[in-house]
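In what follows, a structure is listed as structure tokens, so that the remarks can point back to it.
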Amino acid sequence: MTRYRNLALFLLLAAAWGSSFVAISAGLEYLPPVLFAALRYDIAGALMLAYTVYAVDRWRPVSRGEWATVAVGAALLIGAYHVFLFIGQLHTTAAAAAVVVSLSPVLTTGFARALVPSDALSAVGVGGVCLGLVGVGVIVQPDPSNLFATDAVAKLLVFCAATAFALGGVLTRRIDADLPIETMEAWSMLGGAALMHVVSLGLGEPIEPAAWIHPEALGALAYLSLVASALGFLLYFDLLERLGAVEINMVSYVAPVFTALVGWLYLGEVIDAATAAGFGLIACGFVLVKRRAIGREVAAIGRWRSSR
């Protein structure tokens with residue numbers, strides 16, 4: 001029953017995070033991208049902080065290292081990731097964005113090994129990272145005669161989002177701070193939202209409250225704040241403790257399936273052959289990079305079945 005429960009929660013998380021790309025595309029019809037992202041985390045950060053005060057003993061950072069972890073999370077995991085993602089999704093499909101973002105676990109491993117020379121990637125692991133990058137190239141399909149085509153630039157911005165998220169994840173783990181993950185997420189959300197408000201003002205994005213009250217805009221903002229962020233991260237924390245980092249990373253490869261399905265049903269988006277092929281290459285790259293850990297997980301599942 002526990003494994004069935006974990007599977008159900010895993011699929012729910014994949015659905016919440018996969019469909020969030022569709023909600024972003026829907027909301028971008030009415031809200032400027034960076035302001036939209038900032039408003040999302042104003043709400044999600046406040047909810048996450050309230051939950052942290054309720055559920056965790058140490059609800060706020062204290063030491064310099066803890067604040068450094070929050071600063072990295074705010075700048076990279078929340079701020080840079082969502083600025084690049086939301087601007088990129090202005091000119092690309094939700095499915096393509098979800099597939100490019102699924103490269104994050106591969107990039108995370110690459111950054112982790114690069115920043116820890118004693119733990120270098122094997123030749124096969126390097127091949128996996130390169131295969132994932134080739135997958136992004138297949139999706140972007142850069143034209144040498146027109147490298148600045150709108151669609152290609154948009155997908156490259158989403159790739160920058162995935163890179164920022166991967167780098168942020170590695171740096172937060174490298175900082176010597178014993179901060180509960182709920183606390184780090186809550187303060188990073190609020191700090192990231194503040195940074196995005198500054199970026200929005202710097203970009204001169206229009207502030208038109210009249211557009212915010214459109215039902216679709218309100219629905220997209222509510223869905224992203226309450227379901228994808230607040231509920232999604234609670235599911236993530238629960239599954240991270242139950243499944244471990246390897247299995248929970250697989251959500252990145254299930255989420256695009258939900259993105260494609262919801263995008264087709266709600267926005268009429270159709271996933272093209274290049275996006276599907278790129279997804280396959282990225283997934284294969286992940287398997288190569290994480291082959292030993294995946295092997296251990298498969299062996300553990302086999303032992304569990306044989307013991308029943």
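FYI, nothing fancy with the structure tokens labels: chains A, B, ... in order, residues from 1 per chain, ligands from 1 as they appear.
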
(request) Tell me, as JSON, numbers by chain, which residues lie within 8 Å of Ala154 (chain A), counting only C-alpha atoms; anything in the same chain fewer than 6 positions away does not count. (result) {"A": [87, 88, 89, 90, 91, 92]}

(message) Which residues are close to region 158-160 of chain A, i.e. within 7 Å by only C-alpha atoms, leaving aside same-chain residues fewer than 4 positions away? Reply as a PyMOL selection string.
(response) chain A and resi 84-85+88+97+100-101+154+164

Take the residues from that selection and put them in a file with C-alpha atoms, as a PDB file, in the first residue's frame.
```
ATOM      1  CA  PHE A  84      14.257  33.135 -17.931  1.00  0.00           C
ATOM      2  CA  LEU A  85      11.421  30.592 -17.978  1.00  0.00           C
ATOM      3  CA  GLY A  88      11.078  32.252 -22.742  1.00  0.00           C
ATOM      4  CA  ALA A  97       9.625  24.450 -22.280  1.00  0.00           C
ATOM      5  CA  VAL A 100      14.056  21.644 -21.991  1.00  0.00           C
ATOM      6  CA  VAL A 101      13.611  22.090 -18.230  1.00  0.00           C
ATOM      7  CA  ALA A 154      12.916  31.667 -26.471  1.00  0.00           C
ATOM      8  CA  ALA A 164      20.257  28.457 -13.310  1.00  0.00           C
TER       9      ALA A 164
END
```

(message) Using DSSP assignments from the backbone, pull out every residue in region 20-115 of chain A that falls under alpha helix (DSSP H) and give it to me as a ChimeraX atom specification.
(response) /A:20-27,33-55,64-72,81-88,94-101,104-115

Closest-contact table, region 5-79 of chain A side, partner region 187-208 of chain A, 6 Å, counting only C-alpha atoms, as CSV:
```
residue,atom,partner,partner_atom,distance
A:Val34,CA,A:Ser200,CA,5.5
A:Leu35,CA,A:Ser200,CA,5.6
A:Ala38,CA,A:Ala193,CA,4.5
A:Tyr41,CA,A:Ala193,CA,5.3
A:Asp42,CA,A:Ala193,CA,5.8
A:Gly45,CA,A:Met189,CA,4.8
A:Val70,CA,A:Ser188,CA,5.1
A:Gly73,CA,A:Ser188,CA,5.1
A:Ala74,CA,A:Gly192,CA,4.1
A:Ala75,CA,A:Gly192,CA,6.0
A:Ile78,CA,A:Gly192,CA,5.1
A:Gly79,CA,A:Gly192,CA,4.6
```

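Between Pro105 (chain A) and the candidates A:Gly295, A:Pro61, A:Gly127, A:Gly285, the tightest atom-to-atom separation, counting only C-alpha atoms, involves A:Gly285.
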